[in-house]
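File shown: entry.csv (CSV, C-alpha atoms).
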```
chain,number,residue,atom,x,y,z
A,13,MET,CA,-197.4,166.4,203.9
A,14,GLN,CA,-198.7,169.4,201.8
A,15,SER,CA,-202.2,169.0,200.4
A,16,ASN,CA,-202.9,172.6,199.3
A,17,ASN,CA,-203.0,171.9,195.6
A,18,ILE,CA,-205.3,169.0,195.7
A,19,HIS,CA,-209.0,169.8,195.4
A,20,GLU,CA,-211.3,167.2,196.8
A,21,ILE,CA,-214.8,167.1,195.4
A,22,VAL,CA,-217.5,164.9,197.0
A,23,VAL,CA,-220.7,164.1,195.1
A,24,LEU,CA,-223.7,163.4,197.2
A,25,SER,CA,-227.5,163.2,196.7
A,26,GLY,CA,-229.2,162.1,199.9
A,27,LYS,CA,-231.8,160.3,197.8
A,28,GLY,CA,-231.0,157.4,195.5
A,29,GLY,CA,-231.7,157.4,191.8
A,30,THR,CA,-231.0,161.0,191.1
A,31,GLY,CA,-228.2,160.3,188.6
A,32,LYS,CA,-225.3,160.9,191.1
A,33,THR,CA,-223.1,158.1,189.9
A,34,SER,CA,-223.7,158.7,186.2
A,35,LEU,CA,-222.7,162.3,186.7
A,36,THR,CA,-219.7,161.5,189.0
A,37,ALA,CA,-218.4,159.1,186.4
A,38,SER,CA,-218.9,161.7,183.7
A,39,LEU,CA,-216.8,164.2,185.7
A,40,ALA,CA,-214.2,161.5,186.2
A,41,VAL,CA,-213.9,161.1,182.4
A,42,LEU,CA,-213.7,164.9,181.9
A,43,ALA,CA,-211.0,165.2,184.6
A,44,GLY,CA,-209.0,162.4,183.0
A,45,ASN,CA,-205.6,161.5,184.4
A,46,ASP,CA,-205.5,164.7,186.6
A,47,ALA,CA,-207.9,163.1,189.1
A,48,VAL,CA,-207.9,160.2,191.5
A,49,ILE,CA,-211.4,158.6,191.7
A,50,ALA,CA,-212.7,157.3,195.0
A,51,ASP,CA,-215.9,155.2,195.1
A,52,CYS,CA,-217.3,155.5,198.6
A,53,ASP,CA,-220.8,154.4,197.6
A,54,VAL,CA,-219.8,150.9,198.6
A,55,ASP,CA,-223.2,149.4,199.6
A,56,ALA,CA,-224.2,149.4,195.9
A,57,ALA,CA,-220.9,150.2,194.2
A,58,ASN,CA,-221.6,150.5,190.4
A,59,MET,CA,-219.2,153.2,189.1
A,60,HIS,CA,-216.9,150.5,187.9
A,61,LEU,CA,-219.5,149.6,185.3
A,62,LEU,CA,-218.9,153.0,183.6
A,63,LEU,CA,-215.2,153.5,184.3
A,64,ARG,CA,-214.1,149.9,183.6
A,65,PRO,CA,-211.3,149.8,186.2
A,66,ASP,CA,-208.8,146.9,185.9
A,67,PHE,CA,-209.0,145.7,189.6
A,68,GLY,CA,-205.2,145.9,189.5
A,69,GLU,CA,-204.4,145.6,193.2
A,70,THR,CA,-206.6,143.9,195.8
A,71,PHE,CA,-206.5,144.3,199.6
A,72,GLU,CA,-208.6,142.5,202.1
A,73,PHE,CA,-210.6,144.7,204.4
A,74,TYR,CA,-211.5,143.8,208.0
A,75,SER,CA,-214.2,145.7,209.9
A,76,GLY,CA,-216.2,144.8,213.0
A,77,GLU,CA,-216.2,141.5,214.8
A,78,LEU,CA,-217.7,138.1,214.6
A,79,ALA,CA,-218.2,135.6,217.5
A,80,VAL,CA,-216.5,132.3,217.2
A,81,ILE,CA,-217.2,129.2,219.4
A,82,ASN,CA,-214.5,126.8,220.3
A,83,GLN,CA,-216.5,123.6,220.3
A,84,ASP,CA,-213.9,121.8,222.5
A,85,LEU,CA,-214.6,124.2,225.4
A,86,CYS,CA,-218.4,124.6,224.9
A,87,ASN,CA,-220.5,122.7,227.5
A,88,GLN,CA,-223.7,123.2,225.5
A,89,CYS,CA,-225.3,125.3,228.3
A,90,GLY,CA,-227.1,127.6,225.8
A,91,THR,CA,-226.6,130.8,227.7
A,92,CYS,CA,-225.2,132.5,224.6
A,93,ALA,CA,-228.2,131.6,222.5
A,94,GLU,CA,-230.5,132.9,225.3
A,95,VAL,CA,-228.9,136.4,225.4
A,96,CYS,CA,-228.3,136.9,221.7
A,97,ARG,CA,-231.0,139.4,220.6
A,98,PHE,CA,-230.1,138.8,217.0
A,99,HIS,CA,-230.9,135.1,217.2
A,100,ALA,CA,-227.6,134.4,215.7
A,101,ILE,CA,-226.7,131.2,217.7
A,102,PRO,CA,-229.0,128.4,216.6
A,103,GLN,CA,-228.5,124.8,217.9
A,104,ASP,CA,-227.7,122.4,215.1
A,105,LYS,CA,-226.9,118.7,215.6
A,106,ASN,CA,-226.5,119.3,219.3
A,107,GLN,CA,-224.0,122.1,218.8
A,108,TYR,CA,-224.4,125.8,219.2
A,109,GLN,CA,-223.2,127.5,216.0
A,110,ILE,CA,-222.8,131.2,215.1
A,111,ASN,CA,-224.7,132.3,212.1
A,112,ALA,CA,-222.3,134.8,210.6
A,113,LEU,CA,-225.0,136.5,208.6
A,114,ASP,CA,-227.0,137.3,211.7
A,115,CYS,CA,-224.1,138.0,214.2
A,116,GLU,CA,-223.7,141.8,214.8
A,117,GLY,CA,-220.5,141.4,216.7
A,118,CYS,CA,-221.8,142.9,219.9
A,119,GLY,CA,-219.8,140.5,222.2
A,120,TYR,CA,-222.6,139.8,224.7
A,121,CYS,CA,-222.2,136.0,224.2
A,122,GLU,CA,-218.5,136.2,224.8
A,123,LYS,CA,-219.2,138.1,228.2
A,124,VAL,CA,-221.7,135.5,229.5
A,125,CYS,CA,-220.0,132.2,228.3
A,126,PRO,CA,-219.1,130.4,231.6
A,127,THR,CA,-216.4,128.2,229.9
A,128,HIS,CA,-214.9,131.1,227.8
A,129,ALA,CA,-215.5,129.1,224.7
A,130,ILE,CA,-216.4,132.2,222.7
A,131,THR,CA,-214.0,134.7,221.3
A,132,MET,CA,-214.6,137.8,219.2
A,133,GLN,CA,-212.5,137.8,216.0
A,134,GLU,CA,-212.0,140.4,213.3
A,135,ARG,CA,-214.5,140.0,210.5
A,136,ARG,CA,-213.5,140.2,206.8
A,137,SER,CA,-216.0,142.5,205.3
A,138,GLY,CA,-214.8,142.9,201.7
A,139,SER,CA,-212.0,143.9,199.4
A,140,VAL,CA,-210.5,147.3,198.5
A,141,TYR,CA,-209.1,147.7,195.0
A,142,ILE,CA,-206.6,150.1,193.4
A,143,SER,CA,-207.3,150.2,189.7
A,144,LYS,CA,-206.6,152.0,186.5
A,145,THR,CA,-209.7,153.3,184.8
A,146,LYS,CA,-210.4,153.3,181.1
A,147,VAL,CA,-209.2,156.9,180.9
A,148,GLY,CA,-205.9,156.1,182.6
A,149,SER,CA,-206.7,157.6,186.0
A,150,THR,CA,-206.3,155.7,189.3
A,151,MET,CA,-209.5,154.6,191.1
A,152,VAL,CA,-209.8,153.4,194.6
A,153,HIS,CA,-213.0,151.3,195.1
A,154,ALA,CA,-214.3,148.4,197.2
A,155,ARG,CA,-216.6,145.4,197.1
A,156,LEU,CA,-218.4,144.2,200.2
A,157,ASP,CA,-218.9,140.6,201.1
A,158,ILE,CA,-222.4,139.2,201.4
A,159,ALA,CA,-224.3,140.8,204.4
A,160,ALA,CA,-221.4,143.2,205.1
A,161,GLU,CA,-222.2,146.9,205.3
A,162,ASN,CA,-220.4,150.1,204.5
A,163,SER,CA,-218.9,152.0,207.4
A,164,GLY,CA,-217.1,155.2,208.2
A,165,LYS,CA,-214.0,153.1,208.6
A,166,LEU,CA,-214.1,151.8,205.0
A,167,VAL,CA,-214.9,155.2,203.6
A,168,ALA,CA,-211.9,156.7,205.5
A,169,LYS,CA,-209.7,153.9,204.1
A,170,VAL,CA,-210.8,154.5,200.5
A,171,LYS,CA,-210.4,158.3,200.8
A,172,ASN,CA,-207.0,158.2,202.6
A,173,ASP,CA,-205.7,155.8,199.9
A,174,ALA,CA,-207.0,158.1,197.2
A,175,LYS,CA,-205.4,161.1,198.9
A,176,ALA,CA,-202.0,159.4,199.2
A,177,ILE,CA,-202.1,158.4,195.5
A,178,ALA,CA,-203.0,162.0,194.5
A,179,LEU,CA,-200.2,163.4,196.5
A,180,ALA,CA,-197.6,160.9,195.2
A,181,GLY,CA,-198.8,161.5,191.6
A,182,ASN,CA,-199.1,165.3,191.8
A,183,LYS,CA,-202.8,165.1,190.8
A,184,HIS,CA,-205.0,168.2,191.2
A,185,PHE,CA,-208.4,166.5,191.9
A,186,ILE,CA,-209.9,163.8,194.0
A,187,ILE,CA,-213.5,163.0,192.9
A,188,VAL,CA,-215.5,161.1,195.4
A,189,ASP,CA,-218.7,159.3,194.7
A,190,GLY,CA,-220.4,159.6,198.2
A,191,SER,CA,-222.7,157.2,199.9
A,192,PRO,CA,-226.5,157.8,200.2
A,193,GLY,CA,-228.2,159.1,203.2
A,194,ILE,CA,-226.6,161.2,206.0
A,195,GLY,CA,-225.1,158.5,208.2
A,196,CYS,CA,-221.6,157.6,209.3
A,197,PRO,CA,-220.2,156.9,205.8
A,198,VAL,CA,-221.4,160.3,204.5
A,199,VAL,CA,-219.9,162.1,207.5
A,200,SER,CA,-216.7,160.2,206.9
A,201,SER,CA,-216.7,161.1,203.2
A,202,LEU,CA,-216.8,164.8,203.9
A,203,ALA,CA,-213.6,165.1,206.0
A,204,GLY,CA,-211.1,167.2,204.2
A,205,ALA,CA,-213.4,167.9,201.2
A,206,ASN,CA,-213.2,171.3,199.4
A,207,TYR,CA,-216.4,171.2,197.5
A,208,VAL,CA,-219.6,169.2,197.5
A,209,ILE,CA,-221.7,168.6,194.4
A,210,LEU,CA,-225.3,167.8,195.3
A,211,VAL,CA,-227.4,165.9,192.7
A,212,THR,CA,-231.1,166.1,193.1
A,213,GLU,CA,-234.3,165.6,191.2
A,214,PRO,CA,-237.6,167.5,191.3
A,215,THR,CA,-239.6,165.2,193.6
A,216,MET,CA,-240.7,165.7,197.1
A,217,SER,CA,-238.3,163.2,198.5
A,218,GLY,CA,-235.5,164.6,196.3
A,219,LEU,CA,-235.9,168.0,198.0
A,220,HIS,CA,-236.5,166.5,201.4
A,221,ASP,CA,-233.3,164.5,201.2
A,222,LEU,CA,-231.4,167.4,199.7
A,223,LYS,CA,-232.2,169.5,202.7
A,224,ARG,CA,-231.1,166.7,205.1
A,225,VAL,CA,-227.8,166.2,203.4
A,226,HIS,CA,-227.2,169.9,203.1
A,227,ALA,CA,-227.6,170.3,206.9
A,228,VAL,CA,-224.7,167.8,207.3
A,229,ILE,CA,-222.5,169.7,204.8
A,230,GLU,CA,-223.3,173.0,206.5
A,231,ARG,CA,-222.1,171.7,209.9
A,232,PHE,CA,-218.7,171.1,208.3
A,233,ARG,CA,-218.7,174.5,206.5
A,234,ILE,CA,-218.0,173.0,203.1
A,235,LYS,CA,-219.1,175.0,200.0
A,236,SER,CA,-221.6,173.3,197.8
A,237,GLY,CA,-223.3,173.5,194.4
A,238,CYS,CA,-226.4,171.7,193.1
A,239,ILE,CA,-227.4,170.0,189.9
A,240,ILE,CA,-231.1,169.5,189.3
A,241,ASN,CA,-231.3,166.4,187.2
A,242,LYS,CA,-234.5,165.6,185.2
A,243,TYR,CA,-235.6,169.2,186.0
A,244,ASP,CA,-238.3,169.3,183.3
A,245,LEU,CA,-240.3,166.4,184.8
A,246,ASN,CA,-241.8,168.6,187.5
A,247,LYS,CA,-241.2,172.3,187.0
A,248,GLU,CA,-243.1,173.3,190.2
A,249,GLN,CA,-240.8,171.1,192.3
A,250,THR,CA,-237.8,172.5,190.4
A,251,ALA,CA,-238.9,176.0,191.3
A,252,GLU,CA,-239.1,175.0,195.0
A,253,ILE,CA,-235.6,173.5,194.8
A,254,LYS,CA,-234.2,176.7,193.2
A,255,CYS,CA,-235.8,178.7,196.0
A,256,PHE,CA,-234.1,176.5,198.6
A,257,LEU,CA,-230.7,176.9,196.8
A,258,ARG,CA,-231.1,180.7,196.9
A,259,GLU,CA,-232.0,180.8,200.6
A,260,GLU,CA,-229.0,178.6,201.5
A,261,GLN,CA,-226.6,180.2,199.1
A,262,ILE,CA,-225.8,177.0,197.3
A,263,ASP,CA,-224.3,177.4,193.8
A,264,HIS,CA,-226.9,176.4,191.2
A,265,LEU,CA,-224.6,174.5,188.8
A,266,ALA,CA,-227.1,173.3,186.1
A,267,ASP,CA,-230.5,172.0,185.2
A,268,ILE,CA,-230.3,168.8,183.3
A,269,PRO,CA,-233.4,167.8,181.2
A,270,TYR,CA,-234.7,164.2,181.3
A,271,ASP,CA,-233.0,162.4,178.5
A,272,SER,CA,-232.9,158.7,177.5
A,273,ILE,CA,-229.2,159.2,176.6
A,274,PHE,CA,-228.5,158.4,180.3
A,275,SER,CA,-229.9,154.9,179.8
A,276,GLU,CA,-228.4,154.5,176.3
A,277,ALA,CA,-225.0,155.4,177.6
A,278,MET,CA,-225.3,153.1,180.5
A,279,ILE,CA,-226.2,150.1,178.3
A,280,GLU,CA,-223.1,150.8,176.3
A,281,GLU,CA,-221.1,151.0,179.5
A,282,LYS,CA,-220.3,154.6,178.7
A,283,THR,CA,-220.7,157.9,180.5
A,284,ILE,CA,-222.9,160.6,179.0
A,285,VAL,CA,-219.9,162.7,178.0
A,286,GLU,CA,-218.6,159.9,175.7
A,287,ILE,CA,-221.7,160.3,173.5
A,288,GLU,CA,-222.2,163.3,171.2
A,289,SER,CA,-225.3,165.2,172.5
A,290,PRO,CA,-226.2,168.6,174.0
A,291,LEU,CA,-225.8,166.9,177.4
A,292,LYS,CA,-222.1,166.5,176.8
A,293,GLN,CA,-221.7,170.3,176.6
A,294,LEU,CA,-223.9,170.8,179.6
A,295,VAL,CA,-221.9,168.4,181.8
A,296,GLY,CA,-218.7,170.0,180.4
A,297,SER,CA,-219.9,173.4,181.6
A,298,ILE,CA,-220.6,172.0,185.1
A,299,TRP,CA,-217.1,170.7,185.4
A,300,GLU,CA,-215.7,174.1,184.3
A,301,LYS,CA,-218.0,175.9,186.9
A,302,VAL,CA,-216.8,173.5,189.7
A,303,LYS,CA,-213.1,174.1,188.8
A,304,GLU,CA,-213.8,177.9,188.9
A,305,GLN,CA,-215.4,177.6,192.3
A,306,LEU,CA,-212.5,175.6,193.6
A,307,THR,CA,-209.8,178.0,192.5
A,308,ARG,CA,-211.7,181.1,193.7
A,309,LYS,CA,-210.5,182.4,197.1
A,310,ASN,CA,-213.5,183.3,199.2
B,24,MET,CA,-204.0,175.9,229.2
B,25,LYS,CA,-204.1,172.4,227.7
B,26,ILE,CA,-204.5,172.5,223.9
B,27,ALA,CA,-205.6,169.4,222.1
B,28,LEU,CA,-205.0,169.1,218.3
B,29,THR,CA,-206.3,166.4,215.9
B,30,ALA,CA,-203.1,165.4,214.1
B,31,SER,CA,-202.0,163.2,211.2
B,32,GLY,CA,-198.5,162.9,212.7
B,33,LYS,CA,-196.7,163.2,216.0
B,34,THR,CA,-194.7,166.5,215.7
B,35,TRP,CA,-195.2,170.2,215.4
B,36,ASP,CA,-194.6,169.9,211.6
B,37,SER,CA,-197.3,167.3,211.1
B,38,MET,CA,-200.5,168.4,209.4
B,39,ILE,CA,-203.8,168.9,211.3
B,40,ASP,CA,-206.0,165.8,210.6
B,41,PRO,CA,-209.3,167.1,209.1
B,42,ARG,CA,-211.1,164.2,210.8
B,43,PHE,CA,-212.3,164.4,214.4
B,44,GLY,CA,-213.5,160.9,215.1
B,45,ARG,CA,-211.0,159.0,213.0
B,46,THR,CA,-208.0,161.3,213.6
B,47,GLU,CA,-204.7,159.5,213.5
B,48,PHE,CA,-203.4,161.1,216.7
B,49,ILE,CA,-204.5,163.5,219.4
B,50,VAL,CA,-201.6,165.7,220.3
B,51,ILE,CA,-201.8,167.7,223.6
B,52,TYR,CA,-199.7,170.8,224.1
B,53,ASP,CA,-199.5,171.9,227.7
B,54,GLU,CA,-198.7,175.6,227.7
B,55,GLU,CA,-197.3,175.6,231.3
B,56,THR,CA,-194.9,172.8,230.9
B,57,GLN,CA,-194.4,173.4,227.1
B,58,GLN,CA,-194.6,169.6,226.7
B,59,LEU,CA,-196.2,167.8,223.7
B,60,THR,CA,-198.0,164.5,224.5
B,61,VAL,CA,-199.0,162.2,221.7
B,62,ILE,CA,-202.0,159.9,222.0
B,63,ASP,CA,-202.4,157.2,219.4
B,64,ASN,CA,-206.0,157.0,218.3
B,65,SER,CA,-205.7,153.9,216.1
B,66,GLU,CA,-208.1,151.8,218.1
B,67,VAL,CA,-210.9,154.4,217.5
B,68,LYS,CA,-209.9,154.7,213.9
B,69,ASN,CA,-210.5,151.0,213.5
B,70,GLU,CA,-214.0,151.0,214.9
B,71,ALA,CA,-216.5,150.4,212.1
B,72,HIS,CA,-219.0,152.9,213.6
B,73,GLY,CA,-219.2,155.3,216.5
B,74,ALA,CA,-215.7,156.9,216.0
B,75,GLY,CA,-216.9,160.4,216.8
B,76,THR,CA,-218.4,159.6,220.2
B,77,ALA,CA,-215.4,157.4,221.1
B,78,THR,CA,-213.0,160.3,220.4
B,79,ALA,CA,-215.3,162.6,222.4
B,80,GLN,CA,-215.0,160.1,225.3
B,81,LYS,CA,-211.2,160.3,225.1
B,82,LEU,CA,-211.4,164.1,225.3
B,83,TYR,CA,-213.5,163.8,228.5
B,84,ASP,CA,-210.7,161.8,230.0
B,85,LEU,CA,-208.0,164.2,228.8
B,86,LYS,CA,-209.9,167.4,229.7
B,87,PRO,CA,-208.2,169.9,227.5
B,88,ASP,CA,-209.3,173.6,227.6
B,89,VAL,CA,-209.1,174.0,223.8
B,90,LEU,CA,-209.5,171.7,220.8
B,91,ILE,CA,-208.1,172.6,217.4
B,92,THR,CA,-209.3,170.5,214.5
B,93,GLY,CA,-210.3,170.4,210.8
B,94,ASN,CA,-213.9,169.9,209.7
B,95,GLY,CA,-214.9,169.6,213.3
B,96,PRO,CA,-216.9,167.0,215.2
B,97,GLY,CA,-220.2,165.8,213.6
B,98,GLY,CA,-223.6,166.0,215.1
B,99,THR,CA,-223.5,163.3,217.7
B,100,ALA,CA,-220.0,164.1,218.9
B,101,SER,CA,-220.8,167.8,219.1
B,102,GLN,CA,-223.8,167.0,221.3
B,103,ALA,CA,-221.6,165.0,223.6
B,104,LEU,CA,-218.9,167.6,223.8
B,105,LYS,CA,-221.4,170.3,224.8
B,106,HIS,CA,-221.0,169.0,228.4
B,107,LEU,CA,-217.3,169.5,228.4
B,108,ASN,CA,-216.0,173.0,229.2
B,109,MET,CA,-213.8,173.1,226.1
B,110,LYS,CA,-213.5,175.7,223.3
B,111,ILE,CA,-213.5,174.2,219.8
B,112,PHE,CA,-211.6,175.9,216.9
B,113,VAL,CA,-212.1,174.5,213.4
B,114,ASP,CA,-210.9,174.7,209.7
B,115,ALA,CA,-207.2,174.3,210.6
B,116,HIS,CA,-206.7,171.3,208.3
B,117,GLU,CA,-204.5,172.9,205.7
B,118,LEU,CA,-202.0,173.9,208.5
B,119,THR,CA,-199.3,172.1,210.4
B,120,LEU,CA,-199.8,171.8,214.2
B,121,LYS,CA,-197.3,174.7,214.7
B,122,GLN,CA,-199.1,177.0,212.2
B,123,ALA,CA,-202.5,176.0,213.7
B,124,TYR,CA,-201.3,176.8,217.2
B,125,GLU,CA,-199.9,180.2,216.1
B,126,GLN,CA,-203.1,181.0,214.2
B,127,TYR,CA,-205.1,180.1,217.3
B,128,LYS,CA,-202.9,182.3,219.5
B,129,SER,CA,-203.3,185.3,217.1
B,130,GLY,CA,-207.1,184.8,217.1
B,131,ASN,CA,-207.4,183.8,213.5
B,132,LEU,CA,-209.1,180.4,213.9
B,133,LYS,CA,-212.9,180.1,213.7
B,134,GLU,CA,-214.6,179.1,217.0
B,135,ILE,CA,-217.8,177.0,216.9
```
Kindly return the structure encoded in the file as structure tokens.
Amino acid sequence: MQSNNIHEIVVLSGKGGTGKTSLTASLAVLAGNDAVIADCDVDAANMHLLLRPDFGETFEFYSGELAVINQDLCNQCGTCAEVCRFHAIPQDKNQYQINALDCEGCGYCEKVCPTHAITMQERRSGSVYISKTKVGSTMVHARLDIAAENSGKLVAKVKNDAKAIALAGNKHFIIVDGSPGIGCPVVSSLAGANYVILVTEPTMSGLHDLKRVHAVIERFRIKSGCIINKYDLNKEQTAEIKCFLREEQIDHLADIPYDSIFSEAMIEEKTIVEIESPLKQLVGSIWEKVKEQLTRKN
Amino acid sequence: MKIALTASGKTWDSMIDPRFGRTEFIVIYDEETQQLTVIDNSEVKNEAHGAGTATAQKLYDLKPDVLITGNGPGGTASQALKHLNMKIFVDAHELTLKQAYEQYKSGNLKEI
């Protein structure tokens, strides 16, 4: 398996609402059919609204466990309900029942059940899709079931599928919409990445979360560049972010002004590069800069 | 010396797996006996969370002298591995196991 010609780009923000997905989808449109798209922001997946994938192939995804009570073996002793710290085993019509929304799958009830009536079973947590987007590229994405959460496992699955498709199709890019925060799914999304695009905004929490997510990227020694979106809304804060970028030697990719085109494009289910405006050129130049950074040998 | 490598396959020609926690396999090369031992890591790979610490636990049981991997263990796993007397070499994920081992022998891999 050779992967040297595939460049994997992960887009992260730390903080929500910075414009990460709008920009990721725009880059996906600019890259066209030379990229495979991976949506790893699965808790609130919304990139499909802009890229209009066809949900071509569907696979069930199992993650974590769920306690199941065999009522024929249960003697109604209630020990399971007593030890469950998630209060997930209410008694209903004289039967103990697992509330699937509350069960965390810890397995304590299975351990204490004197009649071995409880077993832990794999839990279906959602579906993974392999789709064609409106620009003809392949997109791997997922939809979680109610009360299911994203996990490092799901992100690894989405990314590994995207990688296999990119290899098979001789594609040059994998563009990954990363999850928010700095937890397990973010760490999982960084494995094997060649470049990270950080999208931030000039607010205190924007800078705070940028610093946190940058600390994670630094641990994995991955090169990164930053886009300051809505930079003109708070120029002092923008100056502070630029100062941080210089100190940490993060590429400063672009400052994007606040523009209602973001919302207008979204309402039309389009990315900002599909509408004629100065922003289209600006995002185009970001994509060129990123490509240049990827092909440059340190 | 016992060398552990995170691997996406079972042979010298397989690629190094960039993932630490969710690596497909851990391959151990014993320099004395010149034997390769392959450890399947799929049960850790299928954990929803806590993969890094679970793989770190495995390394405690295996006690290699050296680990060669890709992006390297994350924050929590690194913290756990501090207590193990094992050198960690990283950024080998565009190499096969054989290439990675040779690069390690010639001192070209980055130690963290």
Which residues of chain B are close to chain A, meaning at most 8 Å apart when you count all atoms listed in the file, and how do they look as a list in words? Ser37, Met38, Pro41, Arg42, Arg45, Lys68, Asn69, Glu70, Ala71, His72, Gly73, Gly93, Asn94, Gly95, Gly97, Gly98, His116 and Glu117 of chain B
Those same residues, written as a compact mmCIF listing (two decimals), keeping the file's coordinate frame with C-alpha atoms?
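Output file selection-v1.txt is given in full below:
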```
# COMPACT_ATOMS: atom_id res chain seq x y z
CA SER B 37 -197.30 167.30 211.10
CA MET B 38 -200.50 168.40 209.40
CA PRO B 41 -209.30 167.10 209.10
CA ARG B 42 -211.10 164.20 210.80
CA ARG B 45 -211.00 159.00 213.00
CA LYS B 68 -209.90 154.70 213.90
CA ASN B 69 -210.50 151.00 213.50
CA GLU B 70 -214.00 151.00 214.90
CA ALA B 71 -216.50 150.40 212.10
CA HIS B 72 -219.00 152.90 213.60
CA GLY B 73 -219.20 155.30 216.50
CA GLY B 93 -210.30 170.40 210.80
CA ASN B 94 -213.90 169.90 209.70
CA GLY B 95 -214.90 169.60 213.30
CA GLY B 97 -220.20 165.80 213.60
CA GLY B 98 -223.60 166.00 215.10
CA HIS B 116 -206.70 171.30 208.30
CA GLU B 117 -204.50 172.90 205.70
```
Around (-212.5, 161.7, 225.4) in the file's frame, which residues reach within 12 Å when counting only C-alpha atoms? Return as an mmCIF file with C-alpha atoms, in the frame of the given file?
```cif
data_model
loop_
_atom_site.group_PDB
_atom_site.id
_atom_site.type_symbol
_atom_site.label_atom_id
_atom_site.label_comp_id
_atom_site.auth_asym_id
_atom_site.auth_seq_id
_atom_site.Cartn_x
_atom_site.Cartn_y
_atom_site.Cartn_z
ATOM 1 C CA ALA B 27 -205.600 169.400 222.100
ATOM 2 C CA PHE B 43 -212.300 164.400 214.400
ATOM 3 C CA GLY B 44 -213.500 160.900 215.100
ATOM 4 C CA ILE B 49 -204.500 163.500 219.400
ATOM 5 C CA ILE B 62 -202.000 159.900 222.000
ATOM 6 C CA ASN B 64 -206.000 157.000 218.300
ATOM 7 C CA VAL B 67 -210.900 154.400 217.500
ATOM 8 C CA ALA B 74 -215.700 156.900 216.000
ATOM 9 C CA GLY B 75 -216.900 160.400 216.800
ATOM 10 C CA THR B 76 -218.400 159.600 220.200
ATOM 11 C CA ALA B 77 -215.400 157.400 221.100
ATOM 12 C CA THR B 78 -213.000 160.300 220.400
ATOM 13 C CA ALA B 79 -215.300 162.600 222.400
ATOM 14 C CA GLN B 80 -215.000 160.100 225.300
ATOM 15 C CA LYS B 81 -211.200 160.300 225.100
ATOM 16 C CA LEU B 82 -211.400 164.100 225.300
ATOM 17 C CA TYR B 83 -213.500 163.800 228.500
ATOM 18 C CA ASP B 84 -210.700 161.800 230.000
ATOM 19 C CA LEU B 85 -208.000 164.200 228.800
ATOM 20 C CA LYS B 86 -209.900 167.400 229.700
ATOM 21 C CA PRO B 87 -208.200 169.900 227.500
ATOM 22 C CA LEU B 90 -209.500 171.700 220.800
ATOM 23 C CA ALA B 100 -220.000 164.100 218.900
ATOM 24 C CA ALA B 103 -221.600 165.000 223.600
ATOM 25 C CA LEU B 104 -218.900 167.600 223.800
ATOM 26 C CA HIS B 106 -221.000 169.000 228.400
ATOM 27 C CA LEU B 107 -217.300 169.500 228.400
ATOM 28 C CA MET B 109 -213.800 173.100 226.100
#
```
Write out as an MDAnalysis selection string which residues come within 9 Å of stretch 272-275 of chain A when counting only C-alpha atoms, dropping same-chain ones fewer than 3 positions away.
chainID A and resid 31 34 278:280 283:284 287 289 291
Shortest contact to A:Asn246, candidates A:Tyr270, A:Gly68, A:Arg97, A:Arg258, atoms counted only C-alpha atoms, goes to A:Tyr270
Q: Tell me, as a PyMOL selection string, which residues lie within 12 Å of A:Cys92, counting only C-alpha atoms; anything in the same chain fewer than 2 positions away does not count.
A: chain A and resi 79-81+86-90+94-103+107-110+115+118-131
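Minimum distance to A:Phe185 across A:Tyr207, A:Leu35, A:Lys27, A:Lys235 (counting all atoms listed in the file) occurs at A:Tyr207.
If you count all atoms listed in the file and ignore residues fewer than 4 places along the chain from B:Asp40, what sits within 7 Å of it is Thr29, Ala30, Ser31, Thr46, Thr92, Gly93 and His116 of chain B.
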Separating atom CA of A:Lys254 from atom CA of A:Val208, to the nearest tenth of an Å, is a gap of 17.0 Å
Of A:Lys146, A:Lys175, A:Lys105, A:His220, the one nearest to A:Leu62 when counting only C-alpha atoms is A:Lys146
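A straight line drawn from atom CA of A:Ser143 to atom CA of A:Ile209 is 23.8 Å long.
When atom CA of B:Gly32 is paired with atom CA of B:Lys133, their separation reads 22.5 Å.
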### Message
Given the point (-208.7, 175.6, 229.0) in the file's coordinates, find the residues that have an atom at most 9 Å from it, counting only C-alpha atoms, and give them as a ChimeraX atom specification.
### Response
/B:24-26,86-89,108-110
